[in-house]
>>> print(open('protein24.csv').read())   # CSV, C-alpha atoms
chain,number,residue,atom,x,y,z
H,746,MET,CA,-6.2,18.5,-11.3
H,747,LEU,CA,-2.5,18.3,-10.4
H,748,THR,CA,-2.8,21.6,-8.4
H,749,LYS,CA,-5.5,20.1,-6.3
H,750,LYS,CA,-3.4,17.0,-5.6
H,751,LEU,CA,-0.4,19.1,-4.6
H,752,ILE,CA,-2.5,21.2,-2.3
H,753,ALA,CA,-3.9,18.0,-0.7
H,754,GLU,CA,-0.4,16.6,-0.2
H,755,ALA,CA,0.8,19.8,1.4
H,756,ILE,CA,-2.2,20.0,3.7
H,757,GLY,CA,-1.8,16.4,4.9
H,758,THR,CA,1.9,16.8,5.6
H,759,PHE,CA,1.3,20.2,7.3
H,760,ALA,CA,-1.2,18.4,9.7
H,761,LEU,CA,1.3,15.7,10.5
H,762,LEU,CA,4.0,18.2,11.5
H,763,PHE,CA,1.7,20.5,13.3
H,764,ALA,CA,0.0,17.8,15.4
H,765,GLY,CA,3.2,15.7,15.9
H,766,MET,CA,5.4,18.5,17.0
H,767,LEU,CA,2.8,20.0,19.3
H,768,SER,CA,2.2,16.7,21.0
H,769,ILE,CA,5.9,16.5,21.8
H,770,ALA,CA,6.0,20.2,23.0
H,771,ASN,CA,3.0,19.4,25.3
H,772,ASP,CA,5.0,16.6,27.0
H,773,ALA,CA,2.7,13.9,25.8
H,774,THR,CA,3.6,10.3,26.6
H,775,LEU,CA,5.1,8.1,24.0
H,776,LEU,CA,1.6,6.7,23.4
H,777,GLY,CA,0.2,10.2,23.0
H,778,VAL,CA,2.9,11.2,20.6
H,779,ALA,CA,2.3,8.0,18.6
H,780,PHE,CA,-1.4,8.6,18.3
H,781,ALA,CA,-1.0,12.3,17.5
H,782,HIS,CA,1.1,11.4,14.5
H,783,GLY,CA,-1.0,8.3,13.5
H,784,LEU,CA,-4.3,10.0,13.8
H,785,ALA,CA,-3.2,13.1,11.9
H,786,ILE,CA,-2.3,10.9,9.0
H,787,ALA,CA,-5.5,8.8,9.4
H,788,VAL,CA,-7.9,11.7,9.3
H,789,MET,CA,-6.1,13.5,6.5
H,790,ALA,CA,-5.8,10.4,4.4
H,791,MET,CA,-9.5,9.7,4.8
H,792,ALA,CA,-10.4,13.3,4.1
H,793,LEU,CA,-8.0,13.9,1.1
H,794,GLY,CA,-7.3,10.4,-0.1
H,795,THR,CA,-9.8,10.7,-3.0
H,796,VAL,CA,-7.9,13.8,-4.2
H,797,SER,CA,-4.2,12.8,-4.1
H,798,GLY,CA,-4.1,9.3,-2.6
H,799,GLY,CA,-3.3,10.7,0.8
H,800,GLN,CA,0.4,9.9,0.8
H,801,PHE,CA,2.0,12.8,2.7
H,802,ASN,CA,5.3,11.0,2.6
H,803,PRO,CA,8.1,11.0,-0.1
H,804,ALA,CA,9.0,7.4,0.9
H,805,ILE,CA,5.5,6.3,0.1
H,806,SER,CA,5.3,8.2,-3.2
H,807,ILE,CA,8.7,6.8,-4.3
H,808,GLY,CA,7.7,3.3,-3.3
H,809,LEU,CA,4.5,3.5,-5.3
H,810,SER,CA,6.3,4.7,-8.4
H,811,LEU,CA,9.0,2.1,-8.2
H,812,THR,CA,6.4,-0.6,-8.2
H,813,GLY,CA,4.2,0.8,-10.9
H,814,HIS,CA,1.3,2.1,-8.8
H,815,GLN,CA,1.9,5.8,-9.6
H,816,LYS,CA,3.3,7.8,-12.4
H,817,TRP,CA,6.8,9.2,-11.7
H,818,SER,CA,5.6,12.6,-12.9
H,819,ASP,CA,3.1,12.7,-10.0
H,820,THR,CA,5.7,11.5,-7.5
H,821,LEU,CA,8.2,14.2,-8.6
H,822,ALA,CA,5.5,16.8,-8.2
H,823,PHE,CA,4.2,15.5,-4.9
H,824,ILE,CA,7.6,15.4,-3.1
H,825,PRO,CA,8.2,19.2,-3.1
H,826,ALA,CA,4.6,19.8,-2.0
H,827,GLN,CA,5.1,17.4,0.9
H,828,PHE,CA,8.3,19.1,1.9
H,829,VAL,CA,6.7,22.6,1.7
H,830,GLY,CA,3.7,21.4,3.7
H,831,GLY,CA,5.9,19.8,6.3
H,832,VAL,CA,8.1,22.9,6.8
H,833,LEU,CA,5.0,25.2,7.0
H,834,GLY,CA,3.4,22.8,9.6
H,835,ALA,CA,6.6,22.9,11.6
H,836,PHE,CA,6.7,26.7,11.7
H,837,ALA,CA,3.0,26.8,12.6
H,838,ALA,CA,3.6,24.5,15.5
H,839,VAL,CA,6.5,26.7,16.7
H,840,ALA,CA,4.2,29.8,16.4
H,841,VAL,CA,1.5,28.2,18.5
H,842,ALA,CA,3.7,26.7,21.2
H,843,GLY,CA,6.4,29.4,21.3
H,844,GLN,CA,10.1,29.1,20.9
H,845,ASP,CA,10.8,28.3,24.6
H,846,ALA,CA,8.4,25.4,24.8
H,847,MET,CA,9.3,24.0,21.4
H,848,GLY,CA,13.0,24.5,22.2
H,849,LYS,CA,12.7,22.4,25.3
H,850,ALA,CA,11.1,19.7,23.2
H,851,GLY,CA,14.0,19.8,20.8
H,852,TYR,CA,11.5,21.1,18.2
H,853,GLY,CA,10.2,17.6,17.8
H,854,ALA,CA,13.2,16.7,15.7
H,855,ALA,CA,14.2,13.2,15.0
H,856,ALA,CA,17.2,12.0,17.0
H,857,LEU,CA,19.0,8.8,17.9
H,858,GLY,CA,18.3,7.6,21.4
H,859,SER,CA,21.1,7.4,24.0
H,860,GLY,CA,23.5,4.7,23.1
H,861,VAL,CA,21.9,4.0,19.7
H,862,SER,CA,24.3,3.6,16.9
H,863,VAL,CA,23.9,5.2,13.5
H,864,GLY,CA,23.4,1.7,12.0
H,865,GLY,CA,20.8,0.9,14.6
H,866,GLY,CA,18.9,4.0,13.9
H,867,LEU,CA,19.1,3.5,10.1
H,868,LEU,CA,17.8,-0.1,10.5
H,869,ALA,CA,14.9,1.1,12.7
H,870,GLU,CA,13.8,3.6,10.1
H,871,PHE,CA,14.3,1.1,7.3
H,872,ILE,CA,12.2,-1.6,8.9
H,873,THR,CA,9.3,0.6,10.1
H,874,SER,CA,9.1,2.4,6.8
H,875,ALA,CA,9.0,-1.0,5.0
H,876,PHE,CA,6.1,-2.1,7.2
H,877,LEU,CA,4.4,1.3,6.6
H,878,VAL,CA,4.6,1.2,2.8
H,879,LEU,CA,3.7,-2.5,2.7
H,880,VAL,CA,0.5,-1.7,4.5
H,881,VAL,CA,-0.2,1.3,2.3
H,882,VAL,CA,0.0,-0.9,-0.9
H,883,LYS,CA,-1.8,-3.9,0.5
H,884,VAL,CA,-4.6,-2.1,2.2
H,885,ALA,CA,-5.2,1.1,0.2
H,886,ILE,CA,-4.3,-0.3,-3.3
H,887,HIS,CA,-4.7,-4.0,-3.4
H,888,GLN,CA,-7.7,-4.3,-1.1
H,889,LYS,CA,-9.0,-0.8,-1.6
H,890,SER,CA,-10.3,-0.8,2.0
H,891,VAL,CA,-12.5,2.0,3.1
H,892,LEU,CA,-10.6,1.9,6.4
H,893,GLY,CA,-7.3,2.3,4.6
H,894,GLY,CA,-6.4,5.6,6.1
H,895,LEU,CA,-7.1,4.5,9.6
H,896,ILE,CA,-5.1,1.3,9.2
H,897,VAL,CA,-2.2,3.3,7.8
H,898,GLY,CA,-2.4,5.7,10.7
H,899,LEU,CA,-2.3,2.8,13.2
H,900,THR,CA,0.8,1.4,11.4
H,901,ILE,CA,2.5,4.7,12.2
H,902,VAL,CA,1.4,4.4,15.8
H,903,VAL,CA,2.9,1.0,16.0
H,904,GLY,CA,6.2,2.2,14.4
H,905,ILE,CA,6.5,5.1,16.9
H,906,LEU,CA,5.8,2.9,19.9
H,907,ALA,CA,8.4,0.4,18.7
H,908,VAL,CA,11.3,2.6,17.7
H,909,GLY,CA,10.4,6.1,18.7
H,910,PRO,CA,12.9,6.2,21.6
H,911,ILE,CA,15.5,4.5,19.4
H,912,SER,CA,15.5,6.5,16.1
H,913,GLY,CA,12.6,9.0,16.4
H,914,ALA,CA,10.5,6.8,14.1
H,915,THR,CA,9.9,9.5,11.4
H,916,MET,CA,9.3,6.9,8.6
H,917,ASN,CA,9.0,10.1,6.5
H,918,PRO,CA,11.7,12.4,5.1
H,919,ALA,CA,9.2,15.3,5.1
H,920,ARG,CA,8.5,14.8,8.8
H,921,ALA,CA,12.2,14.9,9.5
H,922,LEU,CA,13.0,17.8,7.3
H,923,GLY,CA,10.2,20.0,8.6
H,924,ALA,CA,11.3,19.7,12.2
H,925,ALA,CA,15.0,20.2,11.2
H,926,VAL,CA,14.3,23.4,9.3
H,927,ALA,CA,12.2,24.8,12.2
H,928,GLY,CA,14.7,23.9,14.9
H,929,GLY,CA,18.0,24.0,12.9
H,930,THR,CA,18.9,20.5,14.0
H,931,TRP,CA,20.5,18.5,11.3
H,932,ALA,CA,22.4,15.7,13.1
H,933,ASN,CA,22.3,12.4,11.2
H,934,MET,CA,19.6,13.8,8.9
H,935,TRP,CA,20.7,11.4,6.1
H,936,ILE,CA,19.3,8.5,8.1
H,937,TYR,CA,15.8,9.9,7.9
H,938,PHE,CA,16.0,10.1,4.1
H,939,VAL,CA,17.9,7.0,3.2
H,940,GLY,CA,16.2,4.7,5.7
H,941,PRO,CA,12.6,5.5,4.8
H,942,VAL,CA,13.2,5.6,1.1
H,943,LEU,CA,15.0,2.3,0.9
H,944,GLY,CA,12.6,0.7,3.4
H,945,GLY,CA,9.6,2.0,1.5
H,946,ALA,CA,11.0,0.6,-1.8
H,947,VAL,CA,11.4,-2.8,-0.2
H,948,GLY,CA,7.9,-2.6,1.5
H,949,ALA,CA,6.3,-1.8,-1.8
H,950,TRP,CA,8.1,-4.6,-3.6
H,951,LEU,CA,7.1,-7.1,-0.8
H,952,ALA,CA,3.5,-5.9,-1.1
H,953,ASN,CA,3.5,-6.7,-4.8
H,954,PHE,CA,5.3,-10.0,-4.4
H,955,THR,CA,2.7,-11.2,-1.8
H,956,GLU,CA,-0.3,-10.0,-3.8
H,957,ASP,CA,-3.5,-11.7,-2.8
H,958,LEU,CA,-3.4,-15.3,-4.2
H,959,ARG,CA,-7.1,-16.0,-3.6
H,960,PRO,CA,-8.9,-17.0,-6.8
H,961,ARG,CA,-10.8,-14.2,-8.3
H,962,PRO,CA,-14.6,-14.6,-8.6
H,963,VAL,CA,-15.7,-15.9,-12.0
H,964,PRO,CA,-18.5,-13.8,-13.6
H,965,VAL,CA,-21.7,-15.6,-14.1
H,966,GLY,CA,-21.8,-17.2,-17.5
H,967,ALA,CA,-18.0,-16.8,-18.0
H,968,ALA,CA,-17.3,-20.5,-17.4
H,969,ASP,CA,-19.7,-21.4,-20.2
>>> encode(input="protein24.csv", output="structure tokens")
Amino acid sequence: MLTKKLIAEAIGTFALLFAGMLSIANDATLLGVAFAHGLAIAVMAMALGTVSGGQFNPAISIGLSLTGHQKWSDTLAFIPAQFVGGVLGAFAAVAVAGQDAMGKAGYGAAALGSGVSVGGGLLAEFITSAFLVLVVVKVAIHQKSVLGGLIVGLTIVVGILAVGPISGATMNPARALGAAVAGGTWANMWIYFVGPVLGGAVGAWLANFTEDLRPRPVPVGAAD
């Protein structure tokens, strides 16, 4: 069972890096890049969510465990699978697009925008990751929405549109690491680990703190 979960997490993260990096290499607009990342997560989450939960992101996995929604043993197993899937997806994107095209695109690696401070980039990753994990917990866990994968994907689209030009909007250490390994670009890499993990923890806590307060339906006959 665990092996199937790890394979699912690796596949989903592979798809994120493959689609995301190629969209950048193909000179897609910011909107196109945002939807490439968001839809990759959406379709993989809806396809593989019943296997592993469709997390594909160490920040999400850690946030779930910190708030009691997932066993730490699963999270500690998922994270290496996510990193491996991301690195393989990144190299697959390079193999398809070629070194020249991918090099011109900076290998799709996360980078701070012109004039953006380290603090500004860290805050951007923190806030967007908090929103992302809050949505994951609220929609996929609390509400158990059948559209959870799509809504999470759209949250990624929003994050990239908002801060993509500022911080790169990875919201995901596996996304950052995969592109960095493929392109050998490691500048400010700590931002893309610390920001998403801390933001994800806060987002998961906020999701639990704001748990649905609507009264639960009383089963027929229970009031008697």
>>> closest_atom_pairs(input="protein24.csv", of="range 787-847 of chain H", to="range 752-771 of chain H", cutoff="9 Å", atoms="only C-alpha atoms", output="CSV")
residue,atom,partner,partner_atom,distance
H:Val788,CA,H:Gly757,CA,8.9
H:Met789,CA,H:Gly757,CA,5.4
H:Ala790,CA,H:Gly757,CA,7.2
H:Leu793,CA,H:Ala753,CA,6.1
H:Gly794,CA,H:Ala753,CA,8.3
H:Val796,CA,H:Ala753,CA,6.8
H:Ser797,CA,H:Ala753,CA,6.2
H:Gly798,CA,H:Glu754,CA,8.5
H:Gly799,CA,H:Glu754,CA,6.6
H:Gln800,CA,H:Glu754,CA,6.8
H:Phe801,CA,H:Thr758,CA,4.9
H:Asn802,CA,H:Thr758,CA,7.4
H:Phe823,CA,H:Glu754,CA,6.7
H:Ile824,CA,H:Glu754,CA,8.6
H:Pro825,CA,H:Ala755,CA,8.7
H:Ala826,CA,H:Ala755,CA,5.1
H:Gln827,CA,H:Ala755,CA,4.9
H:Phe828,CA,H:Ala755,CA,7.5
H:Val829,CA,H:Ala755,CA,6.5
H:Gly830,CA,H:Ala755,CA,4.0
H:Gly831,CA,H:Phe759,CA,4.7
H:Val832,CA,H:Phe759,CA,7.3
H:Leu833,CA,H:Phe759,CA,6.2
H:Gly834,CA,H:Phe759,CA,4.1
H:Ala835,CA,H:Leu762,CA,5.4
H:Phe836,CA,H:Phe763,CA,8.1
H:Ala837,CA,H:Phe763,CA,6.5
H:Ala838,CA,H:Phe763,CA,4.9
H:Val839,CA,H:Leu767,CA,8.1
H:Val841,CA,H:Leu767,CA,8.3
H:Ala842,CA,H:Leu767,CA,7.0
H:Ala846,CA,H:Ala770,CA,6.0
H:Met847,CA,H:Ala770,CA,5.3
>>> closest_atom_pairs(input="protein24.csv", of="range 762-836 of chain H", to="range 896-907 of chain H", cutoff="6 Å", atoms="all atoms listed in the file", output="JSON lines")
{"residue": "H:Ala779", "atom": "CA", "partner": "H:Val902", "partner_atom": "CA", "distance": 4.6}
{"residue": "H:Phe780", "atom": "CA", "partner": "H:Val902", "partner_atom": "CA", "distance": 5.6}
{"residue": "H:Gly783", "atom": "CA", "partner": "H:Gly898", "partner_atom": "CA", "distance": 4.1}
{"residue": "H:Leu784", "atom": "CA", "partner": "H:Gly898", "partner_atom": "CA", "distance": 5.6}
{"residue": "H:Ile786", "atom": "CA", "partner": "H:Gly898", "partner_atom": "CA", "distance": 5.5}
{"residue": "H:Ala787", "atom": "CA", "partner": "H:Gly898", "partner_atom": "CA", "distance": 4.6}
>>> closest_residue(input="protein24.csv", among="H:Gly866, H:Pro910, H:Gly860, H:Gly948", to="Met934 in chain H", atoms="all atoms listed in the file")
H:Gly866
>>> closest_residue(input="protein24.csv", among="H:Leu877, H:Ser912, H:Asp772, H:Ala925", to="Gly945 in chain H", atoms="all atoms listed in the file")
H:Leu877
>>> atom_distance(input="protein24.csv", atom1="CA of Ser810 in chain H", atom2="CA of Met916 in chain H")
17.4 Å
>>> atom_distance(input="protein24.csv", atom1="CA of Asn953 in chain H", atom2="CA of Phe871 in chain H")
18.0 Å
>>> atom_distance(input="protein24.csv", atom1="CA of Ala855 in chain H", atom2="CA of Gly913 in chain H")
4.7 Å
>>> closest_residue(input="protein24.csv", among="H:Val926, H:Val878, H:Ala914, H:Met791", to="Val891 in chain H", atoms="only C-alpha atoms")
H:Met791
>>> closest_residue(input="protein24.csv", among="H:Gly940, H:Pro803, H:Gly843, H:Gly928", to="Gly865 in chain H", atoms="all atoms listed in the file")
H:Gly940
>>> closest_residue(input="protein24.csv", among="H:Trp950, H:Gly909, H:Leu879, H:Leu867", to="Phe938 in chain H", atoms="all atoms listed in the file")
H:Leu867
>>> residues_around(input="protein24.csv", residues="Lys816 in chain H", least_positions_apart="5", cutoff="10 Å", atoms="only C-alpha atoms", output="list in words")
Ser806, Ile807, Leu809, Ser810, Leu811 and Leu821 of chain H
